[in-house]
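What's in final_19.tsv: TSV, C-alpha atoms and all ligand atoms
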chain	number	residue	atom	x	y	z
A	157	MET	CA	-0.19	12.70	-19.85
A	158	GLY	CA	-0.49	15.57	-22.24
A	159	ILE	CA	0.97	18.56	-20.45
A	160	GLU	CA	4.19	19.60	-22.15
A	161	PRO	CA	7.27	19.09	-20.02
A	162	GLY	CA	8.48	22.39	-18.61
A	163	ARG	CA	5.12	24.13	-18.74
A	164	LEU	CA	4.06	23.35	-15.21
A	165	HIS	CA	6.02	24.74	-12.28
A	166	PHE	CA	5.58	24.48	-8.54
A	167	SER	CA	6.94	26.76	-5.89
A	168	TRP	CA	6.46	27.50	-2.21
A	169	ILE	CA	6.84	31.18	-1.42
A	170	SER	CA	6.02	32.87	1.85
A	171	SER	CA	4.22	36.22	1.71
A	172	ALA	CA	7.41	37.74	3.13
A	173	GLU	CA	9.64	36.44	0.36
A	174	SER	CA	9.08	39.12	-2.27
A	175	THR	CA	12.47	38.72	-3.90
A	176	LYS	CA	11.97	34.97	-4.25
A	177	PHE	CA	8.59	35.65	-5.85
A	178	VAL	CA	10.13	37.98	-8.42
A	179	LYS	CA	12.88	35.50	-9.15
A	180	VAL	CA	10.53	32.54	-9.59
A	181	ALA	CA	8.05	34.54	-11.68
A	182	THR	CA	10.85	35.70	-14.01
A	183	GLU	CA	12.26	32.21	-14.34
A	184	VAL	CA	8.87	30.68	-15.05
A	185	THR	CA	7.94	33.24	-17.70
A	186	GLN	CA	11.31	32.82	-19.33
A	187	ALA	CA	11.10	29.03	-19.36
A	188	VAL	CA	7.58	29.11	-20.79
A	189	LYS	CA	8.46	31.76	-23.41
A	190	GLU	CA	11.27	29.53	-24.62
A	191	LEU	CA	8.76	26.71	-25.14
A	192	GLY	CA	6.70	28.97	-27.39
A	193	PRO	CA	2.91	28.97	-27.74
A	194	ASN	CA	1.00	26.17	-26.06
A	195	ARG	CA	0.32	23.23	-28.35
A	196	HIS	CA	-1.42	20.81	-26.03
A	197	PHE	CA	-4.75	21.44	-24.34
A	198	VAL	CA	-5.72	23.94	-27.01
A	199	LYS	CA	-9.26	23.95	-28.29
A	200	GLU	CA	-9.84	24.72	-31.95
A	201	LYS	CA	-12.28	27.51	-32.58
A	202	VAL	CA	-15.61	26.13	-33.70
A	203	LYS	CA	-16.25	27.02	-37.34
A	204	VAL	CA	-19.62	28.61	-37.86
A	205	ALA	CA	-20.84	29.05	-41.42
B	225	MET	CA	-21.21	-18.87	-1.30
B	226	GLN	CA	-24.54	-20.13	0.01
B	227	GLU	CA	-23.04	-20.17	3.53
B	228	TYR	CA	-22.14	-16.50	3.21
B	229	THR	CA	-25.64	-15.69	1.95
B	230	ASP	CA	-27.30	-17.62	4.78
B	231	LYS	CA	-25.10	-15.98	7.38
B	232	ILE	CA	-25.69	-12.47	5.98
B	233	ARG	CA	-29.46	-13.04	6.07
B	234	GLN	CA	-29.26	-14.40	9.59
B	235	ILE	CA	-27.24	-11.41	10.84
B	236	ALA	CA	-29.47	-8.92	9.00
B	237	ARG	CA	-32.62	-10.49	10.43
B	238	ARG	CA	-31.21	-10.34	13.96
B	239	LEU	CA	-30.05	-6.71	13.63
B	240	LEU	CA	-33.43	-5.59	12.27
B	241	GLU	CA	-35.47	-7.59	14.80
B	242	GLU	CA	-33.43	-6.32	17.72
B	243	GLY	CA	-33.62	-2.80	16.33
B	244	THR	CA	-29.83	-2.43	16.40
B	245	VAL	CA	-30.05	-0.83	12.96
B	246	ASP	CA	-32.77	0.87	10.89
B	247	MET	CA	-31.66	-0.76	7.68
B	248	VAL	CA	-29.16	-3.18	6.23
B	249	ILE	CA	-27.36	-2.43	2.98
B	250	GLY	CA	-26.28	-5.47	1.00
B	251	PHE	CA	-26.70	-7.03	-2.43
B	252	ARG	CA	-29.58	-8.71	-4.19
B	253	LYS	CA	-29.75	-10.49	-7.53
B	254	GLY	CA	-29.98	-8.08	-10.43
B	255	SER	CA	-32.33	-8.44	-13.35
B	256	MET	CA	-29.40	-9.56	-15.52
B	257	PRO	CA	-26.78	-12.24	-14.82
B	258	ILE	CA	-23.46	-11.05	-13.25
B	259	MET	CA	-25.17	-7.80	-12.23
B	260	ASN	CA	-26.06	-7.84	-8.57
B	261	GLU	CA	-27.50	-4.61	-7.32
B	262	PRO	CA	-27.35	-2.79	-3.99
B	263	CYS	CA	-30.31	-3.47	-1.76
B	264	MET	CA	-31.54	-1.67	1.33
B	265	VAL	CA	-33.55	-3.88	3.65
B	266	ARG	CA	-35.63	-2.23	6.35
B	267	ARG	CA	-37.90	-5.06	7.55
B	268	PRO	CA	-36.86	-8.46	8.94
B	269	GLN	CA	-39.29	-10.21	6.58
B	270	ASP	CA	-37.37	-8.85	3.57
B	271	VAL	CA	-33.90	-10.15	4.43
B	272	ASP	CA	-34.22	-13.13	2.09
B	273	GLN	CA	-33.55	-10.81	-0.83
B	274	LEU	CA	-29.94	-10.52	0.30
B	275	VAL	CA	-27.34	-12.62	-1.51
B	276	TRP	CA	-23.60	-13.04	-1.74
B	277	ASP	CA	-21.60	-14.37	-4.69
B	278	SER	CA	-18.81	-13.22	-7.00
B	279	ASN	CA	-20.89	-10.47	-8.61
B	280	CYS	CA	-20.87	-8.12	-5.63
B	281	GLY	CA	-18.30	-5.74	-7.08
B	282	ILE	CA	-20.24	-2.54	-6.45
B	283	ASN	CA	-18.79	-0.56	-3.55
B	284	LEU	CA	-21.46	-0.22	-0.85
B	285	ALA	CA	-19.65	2.59	0.98
B	286	ASN	CA	-21.14	4.74	-1.79
B	287	TYR	CA	-24.58	4.42	-0.19
B	288	LEU	CA	-23.55	5.64	3.26
B	289	THR	CA	-22.74	9.24	2.42
B	290	ASP	CA	-24.39	11.68	4.85
B	291	ARG	CA	-26.99	9.15	6.03
B	292	LYS	CA	-28.54	9.82	9.39
B	293	GLU	CA	-29.94	6.44	10.43
B	294	LYS	CA	-28.26	3.43	12.01
B	295	ILE	CA	-27.06	1.17	9.25
B	296	GLY	CA	-25.90	-2.40	8.99
B	297	VAL	CA	-23.60	-2.60	5.99
B	298	VAL	CA	-22.20	-5.63	4.25
B	299	ALA	CA	-18.52	-4.96	3.56
B	300	LYS	CA	-15.82	-6.86	1.71
B	301	GLY	CA	-12.18	-5.72	2.01
B	302	CYS	CA	-12.36	-2.71	-0.30
B	303	ASP	CA	-15.79	-1.55	0.93
B	304	SER	CA	-14.44	-1.58	4.47
B	305	ARG	CA	-11.49	0.59	3.42
B	306	ASN	CA	-13.84	3.06	1.76
B	307	ILE	CA	-15.98	3.03	4.92
B	308	VAL	CA	-12.86	3.97	6.90
B	309	THR	CA	-12.22	6.79	4.42
B	310	HIS	CA	-15.83	7.93	4.79
B	311	ILE	CA	-15.47	8.00	8.58
B	312	ILE	CA	-12.17	9.92	8.38
B	313	GLU	CA	-13.81	12.44	6.03
B	314	ASN	CA	-16.87	12.82	8.31
B	315	LYS	CA	-19.33	11.44	5.77
B	316	ILE	CA	-20.68	8.94	8.28
B	317	ASP	CA	-20.13	8.26	11.97
B	318	ARG	CA	-18.55	5.02	13.15
B	319	ASP	CA	-21.28	4.72	15.83
B	320	GLN	CA	-24.00	4.73	13.17
B	321	LEU	CA	-22.59	1.62	11.56
B	322	HIS	CA	-22.77	-2.05	12.24
B	323	ILE	CA	-20.26	-3.46	9.76
B	324	ILE	CA	-20.96	-7.01	8.58
B	325	GLY	CA	-17.53	-8.06	7.34
B	326	VAL	CA	-17.22	-10.45	4.40
B	327	PRO	CA	-13.86	-12.10	3.69
B	328	CYS	CA	-13.80	-11.66	-0.06
B	329	GLY	CA	-13.14	-14.42	-2.56
B	330	ALA	CA	-12.64	-11.93	-5.43
B	331	MET	CA	-15.19	-10.77	-7.97
B	332	ILE	CA	-15.62	-11.88	-11.56
B	333	ASP	CA	-15.42	-9.58	-14.54
B	334	LYS	CA	-18.59	-9.42	-16.62
B	335	ARG	CA	-16.77	-7.91	-19.56
B	336	LYS	CA	-14.10	-10.60	-19.63
B	337	ILE	CA	-16.75	-13.31	-19.52
B	338	ALA	CA	-18.78	-11.68	-22.28
B	339	SER	CA	-15.66	-11.54	-24.46
B	340	LEU	CA	-15.04	-15.27	-24.00
B	341	VAL	CA	-18.43	-16.44	-25.24
B	342	GLU	CA	-20.56	-15.82	-28.31
B	343	GLY	CA	-24.14	-14.72	-27.84
B	344	GLU	CA	-26.20	-13.56	-24.93
B	345	ILE	CA	-25.48	-14.85	-21.46
B	346	THR	CA	-28.56	-16.00	-19.58
B	347	ASP	CA	-27.09	-17.50	-16.43
B	348	VAL	CA	-23.80	-17.55	-14.56
B	349	THR	CA	-23.22	-19.84	-11.60
B	350	GLU	CA	-20.24	-20.88	-9.51
B	351	THR	CA	-19.25	-24.23	-8.16
B	352	GLU	CA	-17.54	-24.91	-4.85
B	353	ALA	CA	-14.55	-26.15	-6.84
B	354	GLY	CA	-13.82	-22.67	-8.17
B	355	LYS	CA	-15.44	-23.03	-11.59
B	356	VAL	CA	-17.65	-20.44	-13.22
B	357	ILE	CA	-20.36	-21.94	-15.42
B	358	VAL	CA	-21.68	-19.59	-18.09
B	359	LYS	CA	-24.90	-20.49	-19.88
B	360	GLY	CA	-26.53	-18.80	-22.82
B	361	GLU	CA	-28.59	-19.54	-25.86
B	362	GLY	CA	-27.11	-22.69	-27.31
B	363	PHE	CA	-23.94	-22.79	-25.23
B	364	GLU	CA	-22.63	-23.74	-21.85
B	365	LYS	CA	-19.04	-23.09	-20.92
B	366	SER	CA	-16.98	-23.56	-17.80
B	367	PHE	CA	-14.05	-21.38	-16.76
B	368	ASP	CA	-11.62	-21.37	-13.86
B	369	LYS	CA	-12.64	-18.49	-11.65
B	370	ALA	CA	-9.00	-17.29	-11.67
B	371	GLU	CA	-9.24	-16.74	-15.46
B	372	VAL	CA	-12.19	-14.37	-15.24
B	373	LEU	CA	-11.40	-12.23	-12.20
B	374	GLN	CA	-11.82	-8.48	-12.19
B	375	GLU	CA	-8.37	-7.02	-12.77
B	376	ASN	CA	-8.27	-5.20	-9.45
B	377	CYS	CA	-9.34	-8.36	-7.58
B	378	ALA	CA	-6.57	-10.40	-9.17
B	379	ILE	CA	-3.99	-8.07	-7.59
B	380	CYS	CA	-5.87	-7.33	-4.34
B	381	ILE	CA	-3.94	-7.59	-1.08
B	382	HIS	CA	-6.75	-6.61	1.31
B	383	ARG	CA	-9.51	-9.15	0.86
B	384	ASN	CA	-10.47	-9.18	4.52
B	385	PRO	CA	-12.35	-6.22	5.98
B	386	VAL	CA	-10.11	-3.85	7.95
B	387	VAL	CA	-12.97	-2.87	10.30
B	388	HIS	CA	-16.01	-4.91	11.21
B	389	ASP	CA	-18.45	-5.50	14.04
B	390	GLU	CA	-18.93	-9.10	13.09
B	391	MET	CA	-17.75	-11.40	10.35
B	392	VAL	CA	-19.75	-13.82	8.23
B	393	ALA	CA	-16.84	-16.28	8.05
B	394	GLU	CA	-13.22	-16.83	9.05
B	395	PRO	CA	-10.74	-14.51	7.27
B	396	VAL	CA	-9.42	-15.68	3.91
B	397	GLU	CA	-5.72	-15.86	3.16
B	398	GLU	CA	-4.33	-12.60	1.74
B	399	GLN	CA	-2.31	-12.66	-1.48
B	400	THR	CA	1.31	-11.72	-0.88
B	401	ASP	CA	3.09	-12.52	-4.13
B	402	VAL	CA	1.28	-10.10	-6.43
B	403	ASP	CA	2.93	-7.33	-8.39
B	404	ARG	CA	0.37	-4.53	-8.12
B	405	TYR	CA	2.03	-2.01	-10.40
B	406	ALA	CA	3.52	-3.82	-13.41
B	407	ASP	CA	1.25	-1.93	-15.84
B	408	ILE	CA	1.92	1.42	-14.18
B	409	ARG	CA	5.67	0.91	-14.45
B	410	GLU	CA	5.26	0.33	-18.18
B	411	ILE	CA	3.47	3.65	-18.55
B	412	GLU	CA	6.07	5.40	-16.42
B	413	ALA	CA	8.80	4.10	-18.72
B	414	MET	CA	7.20	5.68	-21.80
B	415	SER	CA	8.43	8.90	-23.36
B	416	ASP	CA	6.22	11.97	-22.95
B	417	ALA	CA	4.83	11.62	-26.46
B	418	GLU	CA	4.14	7.91	-26.04
B	419	ARG	CA	2.41	8.53	-22.75
B	420	LYS	CA	0.22	11.23	-24.22
B	421	ALA	CA	-0.72	8.87	-27.03
B	422	PHE	CA	-1.39	6.08	-24.56
B	423	PHE	CA	-3.80	8.17	-22.50
B	424	ASP	CA	-5.47	9.75	-25.52
B	425	ASP	CA	-6.16	6.24	-26.77
B	426	LEU	CA	-7.27	5.09	-23.31
B	427	TYR	CA	-10.20	7.44	-23.04
B	428	LYS	CA	-10.98	8.19	-26.65
B	429	GLU	CA	-14.28	6.27	-26.42
B	430	CYS	CA	-15.41	8.13	-23.29
B	431	ILE	CA	-18.97	9.40	-23.63
B	432	ARG	CA	-18.83	11.56	-20.49
B	433	CYS	CA	-21.68	9.67	-18.85
B	434	TYR	CA	-19.99	9.96	-15.43
B	435	ALA	CA	-20.93	6.44	-14.39
B	436	CYS	CA	-17.35	6.04	-13.13
B	437	ARG	CA	-17.77	9.04	-10.89
B	438	ASN	CA	-21.20	8.05	-9.67
B	439	ALA	CA	-20.10	4.52	-8.75
B	440	CYS	CA	-17.20	5.83	-6.67
B	441	PRO	CA	-17.74	6.33	-2.93
B	442	LEU	CA	-15.14	9.10	-2.95
B	443	CYS	CA	-17.12	11.28	-5.36
B	444	TYR	CA	-19.70	12.75	-3.03
B	445	CYS	CA	-19.39	16.51	-3.66
B	446	PRO	CA	-22.87	18.11	-3.85
B	447	THR	CA	-21.88	19.69	-7.18
B	448	CYS	CA	-19.07	18.01	-9.06
B	449	PHE	CA	-16.65	20.32	-10.90
B	450	VAL	CA	-17.87	18.85	-14.20
B	451	ASP	CA	-21.44	19.95	-13.49
B	452	GLU	CA	-20.59	23.41	-12.25
B	453	SER	CA	-21.54	26.12	-14.74
B	454	ARG	CA	-20.49	29.29	-12.89
B	455	PRO	CA	-17.60	29.14	-13.46
B	456	GLN	CA	-17.48	26.37	-15.99
B	457	TRP	CA	-14.22	24.60	-15.23
B	458	VAL	CA	-14.42	22.18	-18.09
B	459	GLY	CA	-16.42	21.99	-21.31
B	460	LYS	CA	-19.22	19.47	-21.37
B	461	GLY	CA	-18.81	18.00	-24.83
B	462	GLN	CA	-16.62	15.40	-26.51
B	463	ASN	CA	-13.69	17.71	-27.14
B	464	GLU	CA	-10.54	15.71	-26.38
B	465	ASN	CA	-9.20	18.42	-24.06
B	466	ASP	CA	-12.37	18.33	-22.00
B	467	ILE	CA	-12.37	14.56	-21.80
B	468	ARG	CA	-8.73	14.65	-20.74
B	469	THR	CA	-9.35	17.35	-18.15
B	470	PHE	CA	-12.27	15.43	-16.68
B	471	HIS	CA	-10.18	12.29	-16.31
B	472	PHE	CA	-7.15	13.98	-14.79
B	473	LEU	CA	-9.20	15.87	-12.26
B	474	ARG	CA	-11.42	12.96	-11.35
B	475	ALA	CA	-8.31	10.89	-10.69
B	476	TYR	CA	-6.56	13.63	-8.71
B	477	HIS	CA	-9.59	14.10	-6.49
B	478	CYS	CA	-9.15	10.46	-5.52
B	479	ALA	CA	-5.44	10.77	-4.70
B	480	GLY	CA	-4.59	9.16	-1.37
B	481	ARG	CA	-8.21	8.03	-1.01
B	482	CYS	CA	-8.72	5.46	-3.76
B	483	THR	CA	-8.77	1.85	-2.57
B	484	ASP	CA	-8.67	0.34	-6.08
B	485	CYS	CA	-12.07	-1.24	-5.48
B	486	GLY	CA	-12.69	-1.19	-9.23
B	487	ALA	CA	-16.27	0.12	-8.97
B	488	CYS	CA	-15.47	2.88	-11.47
B	489	GLU	CA	-14.10	0.56	-14.11
B	490	ARG	CA	-16.92	-1.91	-13.58
B	491	ALA	CA	-19.50	0.84	-14.11
B	492	CYS	CA	-18.07	2.22	-17.35
B	493	PRO	CA	-20.41	1.32	-20.22
B	494	VAL	CA	-17.64	1.44	-22.81
B	495	GLY	CA	-14.98	-0.42	-20.84
B	496	ILE	CA	-12.45	2.35	-20.24
B	497	LYS	CA	-9.69	1.36	-17.83
B	498	VAL	CA	-9.97	4.42	-15.63
B	499	ARG	CA	-7.97	2.70	-12.89
B	500	MET	CA	-4.83	3.34	-14.96
B	501	LEU	CA	-5.02	6.91	-13.65
B	502	THR	CA	-5.96	6.30	-10.01
B	503	LYS	CA	-3.52	3.42	-9.68
B	504	LYS	CA	-0.57	5.66	-10.53
B	505	LEU	CA	-1.59	7.97	-7.71
B	506	GLU	CA	-2.03	5.02	-5.42
B	507	LYS	CA	1.48	3.84	-6.27
B	508	ASP	CA	2.90	7.31	-5.63
B	509	CYS	CA	1.19	7.51	-2.24
B	510	LYS	CA	2.65	4.15	-1.31
B	511	GLU	CA	6.15	5.05	-2.43
B	512	LEU	CA	6.31	8.65	-1.23
B	513	PHE	CA	4.28	8.51	1.95
B	514	ASP	CA	4.05	4.79	2.70
B	515	TRP	CA	0.29	5.27	2.57
B	516	GLU	CA	-2.50	2.88	1.70
B	517	ALA	CA	-5.98	4.38	1.82
B	518	GLY	CA	-8.53	3.30	4.39
B	519	ILE	CA	-6.40	0.95	6.45
B	520	SER	CA	-6.81	2.59	9.85
B	521	LEU	CA	-9.02	5.14	11.54
B	522	GLU	CA	-6.07	6.67	13.41
B	523	ASN	CA	-3.83	8.02	10.63
B	524	ARG	CA	-4.57	11.14	8.63
B	525	PRO	CA	-4.32	10.83	4.83
B	526	PRO	CA	-1.24	12.34	3.13
B	527	LEU	CA	-3.18	15.19	1.54
B	528	ASP	CA	-4.45	16.53	4.85
B	529	ALA	CA	-1.30	16.14	6.91
B	530	TYR	CA	1.73	18.43	7.06
B	531	ARG	CA	5.08	16.74	7.45
B	532	PRO	CA	8.26	18.80	7.33
B	533	ASN	CA	10.10	15.85	5.81
B	534	ASP	CA	7.72	15.41	2.85
B	535	PRO	CA	9.53	14.54	-0.36
B	536	ASP	CA	9.02	17.71	-2.40
B	537	GLU	CA	11.87	18.03	-4.90
B	538	PHE	CA	9.50	19.29	-7.59
B	539	ILE	CA	8.70	22.42	-5.56
B	540	LYS	CA	11.20	25.18	-6.20
A	601	LIG	S1	-11.61	5.76	-8.05
A	601	LIG	FE1	-12.50	3.76	-8.70
A	601	LIG	S2	-11.18	2.20	-7.68
A	601	LIG	FE2	-10.81	4.18	-6.64
A	601	LIG	S3	-12.22	4.19	-4.87
A	601	LIG	FE3	-13.27	5.25	-6.59
A	601	LIG	S4	-14.48	3.64	-7.62
A	601	LIG	FE4	-12.96	2.60	-6.29
A	602	LIG	S1	-17.95	5.70	-17.06
A	602	LIG	FE1	-16.61	5.49	-18.85
A	602	LIG	S2	-17.67	6.57	-20.53
A	602	LIG	FE2	-18.64	7.21	-18.60
A	602	LIG	S3	-17.50	9.10	-18.03
A	602	LIG	FE3	-16.48	7.39	-16.98
A	602	LIG	S4	-14.83	6.75	-18.38
A	602	LIG	FE4	-16.26	8.03	-19.58
Same coordinates, now as structure tokens:
Amino acid sequence: MGIEPGRLHFSWISSAESTKFVKVATEVTQAVKELGPNRHFVKEKVKVA
Amino acid sequence: MQEYTDKIRQIARRLLEEGTVDMVIGFRKGSMPIMNEPCMVRRPQDVDQLVWDSNCGINLANYLTDRKEKIGVVAKGCDSRNIVTHIIENKIDRDQLHIIGVPCGAMIDKRKIASLVEGEITDVTETEAGKVIVKGEGFEKSFDKAEVLQENCAICIHRNPVVHDEMVAEPVEEQTDVDRYADIREIEAMSDAERKAFFDDLYKECIRCYACRNACPLCYCPTCFVDESRPQWVGKGQNENDIRTFHFLRAYHCAGRCTDCGACERACPVGIKVRMLTKKLEKDCKELFDWEAGISLENRPPLDAYRPNDPDEFIK
């Protein structure tokens, strides 16, 4: 629908699962970094004279 | 249709005279053809305003939200399902309602009819034989009702009210051989880029008037996220990202609740097929949770129930 594939992630982490949190956060950042800067859902800056 | 109208008036008169209800919500003729409007009748002498025909597509559950009085409400299949949803979500109490059930013969699509004739339409009538006669300046045309149905009515499988206190007629036969999701499957089969293009094209004419939201019985939040300004969740202009965000979120807020009544699409002044979004969610709810919204007062909707066996492969 307009969100790039791979940019949206879901996870279920209990407050006790710190290691899982670290793992998921690292994986997500890595996956998103590989995609590069966001291209969809970006608003152009309004040009003011 | 005249029988339905007579019966609705008769029931409304009785309910108001006996004091069973404080008001009856139904339809009356609008000021334009094919545009019946909701009507709240409080006195027995006013019941003759009430009518029933194939232009009663507005969803009357929308007028029940948070009301305190006893209400008689005229309900076709989809209205009754939205009434159930309202009761489940505590927006009205079952005991406050006297539901006047109408077995629905499907509604006609004003936009489709307008596209089939040239010039202004001045009168639209129906015959018992299932013909729709459209009159305007210098023309008179007759169509089969089946040709000019609202799209959601053509694929409807719940024409009879699911809850009622009394019925105005015997139940009609339900359609069983319809394919509800042919168009959604086509969209699902698209590539990501095609799908983005499809949706961008779908709502590119949107003027953000919010008629679709206002017509929907599900959209009853005191302040909608689009109107909120602290924080401002979504920009208020015509920027394509804002339009897109509005449509996604509106649709998602209806997930597991939408009955495909078509009130949103009917209300849109520019003819955007907003049901393309809600219908996908409806299909998902059916496939993943075997859920159809508003069918029974006993079951909790998928989004407010926890089931250990939920399909959740997308969650890591
Ligand atoms: S989203 Fe549209 S079809 Fe669904 S319940 Fe609301 S008005 Fe009816
Ligand atoms: S009714 Fe139509 S134009 Fe108005 S906000 Fe909804 S989709 Fe956009």
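One finds atom CA of Arg305 of chain B at 22.7 Å from atom CA of Arg233 of chain B.
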Any idea which chain A residues end up within 9 Å of chain B if we count only C-alpha atoms, as a PyMOL selection string please?
chain A and resi 157-161+165-169+180+196-199
Just the selected residues (C-alpha atoms), exported as a PDB file, in the frame of the given file, please.
ATOM      1  CA  MET A 157      -0.190  12.700 -19.850  1.00  0.00           C
ATOM      2  CA  GLY A 158      -0.490  15.570 -22.240  1.00  0.00           C
ATOM      3  CA  ILE A 159       0.970  18.560 -20.450  1.00  0.00           C
ATOM      4  CA  GLU A 160       4.190  19.600 -22.150  1.00  0.00           C
ATOM      5  CA  PRO A 161       7.270  19.090 -20.020  1.00  0.00           C
ATOM      6  CA  HIS A 165       6.020  24.740 -12.280  1.00  0.00           C
ATOM      7  CA  PHE A 166       5.580  24.480  -8.540  1.00  0.00           C
ATOM      8  CA  SER A 167       6.940  26.760  -5.890  1.00  0.00           C
ATOM      9  CA  TRP A 168       6.460  27.500  -2.210  1.00  0.00           C
ATOM     10  CA  ILE A 169       6.840  31.180  -1.420  1.00  0.00           C
ATOM     11  CA  VAL A 180      10.530  32.540  -9.590  1.00  0.00           C
ATOM     12  CA  HIS A 196      -1.420  20.810 -26.030  1.00  0.00           C
ATOM     13  CA  PHE A 197      -4.750  21.440 -24.340  1.00  0.00           C
ATOM     14  CA  VAL A 198      -5.720  23.940 -27.010  1.00  0.00           C
ATOM     15  CA  LYS A 199      -9.260  23.950 -28.290  1.00  0.00           C
TER      16      LYS A 199
END
Please, what distance in Å, to one decimal, runs between atom CA of Pro385 of chain B and atom CA of Val265 of chain B?
21.5 Å
Distance limit 8 Å, reference ligand LIG 601 (chain A), atoms considered: only C-alpha atoms and all ligand atoms. Which residues make the cut? Give them as a PyMOL selection string.
chain B and resi 283+306+436-437+439-443+474-475+478+481-489+498-499+502-503
Which residues are close to Trp276 of chain B, i.e. within 7 Å by only C-alpha atoms, leaving aside same-chain residues fewer than 4 positions away? Reply as a PyMOL selection string.
chain B and resi 225+228-229+251+280
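Pairwise distance (atom CA of Asp272 of chain B, atom CA of Ile232 of chain B) equals 9.4 Å.
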Hey, which residues sit close to ligand LIG 602 (chain A)? Say within 8 Å, counting all atoms listed in the file, and write them as a list of chain:residue names.
B:Tyr427, B:Glu429, B:Cys430, B:Ile431, B:Arg432, B:Cys433, B:Tyr434, B:Ala435, B:Cys436, B:Arg437, B:Ile467, B:His471, B:Cys488, B:Glu489, B:Ala491, B:Cys492, B:Pro493, B:Val494, B:Gly495, B:Ile496, B:Lys497, B:Val498
Would you put the residues from that selection into a file with C-alpha atoms, as a JSON list (two decimals), in the coordinates of the input?
[["chain", "number", "residue", "atom", "x", "y", "z"],
["B", 427, "TYR", "CA", -10.20, 7.44, -23.04],
["B", 429, "GLU", "CA", -14.28, 6.27, -26.42],
["B", 430, "CYS", "CA", -15.41, 8.13, -23.29],
["B", 431, "ILE", "CA", -18.97, 9.40, -23.63],
["B", 432, "ARG", "CA", -18.83, 11.56, -20.49],
["B", 433, "CYS", "CA", -21.68, 9.67, -18.85],
["B", 434, "TYR", "CA", -19.99, 9.96, -15.43],
["B", 435, "ALA", "CA", -20.93, 6.44, -14.39],
["B", 436, "CYS", "CA", -17.35, 6.04, -13.13],
["B", 437, "ARG", "CA", -17.77, 9.04, -10.89],
["B", 467, "ILE", "CA", -12.37, 14.56, -21.80],
["B", 471, "HIS", "CA", -10.18, 12.29, -16.31],
["B", 488, "CYS", "CA", -15.47, 2.88, -11.47],
["B", 489, "GLU", "CA", -14.10, 0.56, -14.11],
["B", 491, "ALA", "CA", -19.50, 0.84, -14.11],
["B", 492, "CYS", "CA", -18.07, 2.22, -17.35],
["B", 493, "PRO", "CA", -20.41, 1.32, -20.22],
["B", 494, "VAL", "CA", -17.64, 1.44, -22.81],
["B", 495, "GLY", "CA", -14.98, -0.42, -20.84],
["B", 496, "ILE", "CA", -12.45, 2.35, -20.24],
["B", 497, "LYS", "CA", -9.69, 1.36, -17.83],
["B", 498, "VAL", "CA", -9.97, 4.42, -15.63]]
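Close contacts of segment 327-339 of chain B, defined as residues with an atom at most 8 Å away when counting all atoms listed in the file, with chain neighbours fewer than 2 positions off set aside, comprise B:Ile258, B:Ser278, B:Asn279, B:Cys280, B:Gly281, B:Lys300, B:Gly301, B:Gly325, B:Val341, B:Glu342, B:Ile345, B:Lys369, B:Val372, B:Leu373, B:Gln374, B:Glu375, B:Cys377, B:Ala378, B:Arg383, B:Asn384, B:Pro385, B:Met391, B:Val392, B:Ala393, B:Glu394, B:Pro395, B:Val396, B:Arg490, B:Gly495.
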Would you save the residues from that selection as a PDB file, in the frame of the given file, using C-alpha atoms?
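And here's part-v8.pdb as it stands now:
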ATOM      1  CA  ILE B 258     -23.460 -11.050 -13.250  1.00  0.00           C
ATOM      2  CA  SER B 278     -18.810 -13.220  -7.000  1.00  0.00           C
ATOM      3  CA  ASN B 279     -20.890 -10.470  -8.610  1.00  0.00           C
ATOM      4  CA  CYS B 280     -20.870  -8.120  -5.630  1.00  0.00           C
ATOM      5  CA  GLY B 281     -18.300  -5.740  -7.080  1.00  0.00           C
ATOM      6  CA  LYS B 300     -15.820  -6.860   1.710  1.00  0.00           C
ATOM      7  CA  GLY B 301     -12.180  -5.720   2.010  1.00  0.00           C
ATOM      8  CA  GLY B 325     -17.530  -8.060   7.340  1.00  0.00           C
ATOM      9  CA  VAL B 341     -18.430 -16.440 -25.240  1.00  0.00           C
ATOM     10  CA  GLU B 342     -20.560 -15.820 -28.310  1.00  0.00           C
ATOM     11  CA  ILE B 345     -25.480 -14.850 -21.460  1.00  0.00           C
ATOM     12  CA  LYS B 369     -12.640 -18.490 -11.650  1.00  0.00           C
ATOM     13  CA  VAL B 372     -12.190 -14.370 -15.240  1.00  0.00           C
ATOM     14  CA  LEU B 373     -11.400 -12.230 -12.200  1.00  0.00           C
ATOM     15  CA  GLN B 374     -11.820  -8.480 -12.190  1.00  0.00           C
ATOM     16  CA  GLU B 375      -8.370  -7.020 -12.770  1.00  0.00           C
ATOM     17  CA  CYS B 377      -9.340  -8.360  -7.580  1.00  0.00           C
ATOM     18  CA  ALA B 378      -6.570 -10.400  -9.170  1.00  0.00           C
ATOM     19  CA  ARG B 383      -9.510  -9.150   0.860  1.00  0.00           C
ATOM     20  CA  ASN B 384     -10.470  -9.180   4.520  1.00  0.00           C
ATOM     21  CA  PRO B 385     -12.350  -6.220   5.980  1.00  0.00           C
ATOM     22  CA  MET B 391     -17.750 -11.400  10.350  1.00  0.00           C
ATOM     23  CA  VAL B 392     -19.750 -13.820   8.230  1.00  0.00           C
ATOM     24  CA  ALA B 393     -16.840 -16.280   8.050  1.00  0.00           C
ATOM     25  CA  GLU B 394     -13.220 -16.830   9.050  1.00  0.00           C
ATOM     26  CA  PRO B 395     -10.740 -14.510   7.270  1.00  0.00           C
ATOM     27  CA  VAL B 396      -9.420 -15.680   3.910  1.00  0.00           C
ATOM     28  CA  ARG B 490     -16.920  -1.910 -13.580  1.00  0.00           C
ATOM     29  CA  GLY B 495     -14.980  -0.420 -20.840  1.00  0.00           C
TER      30      GLY B 495
END
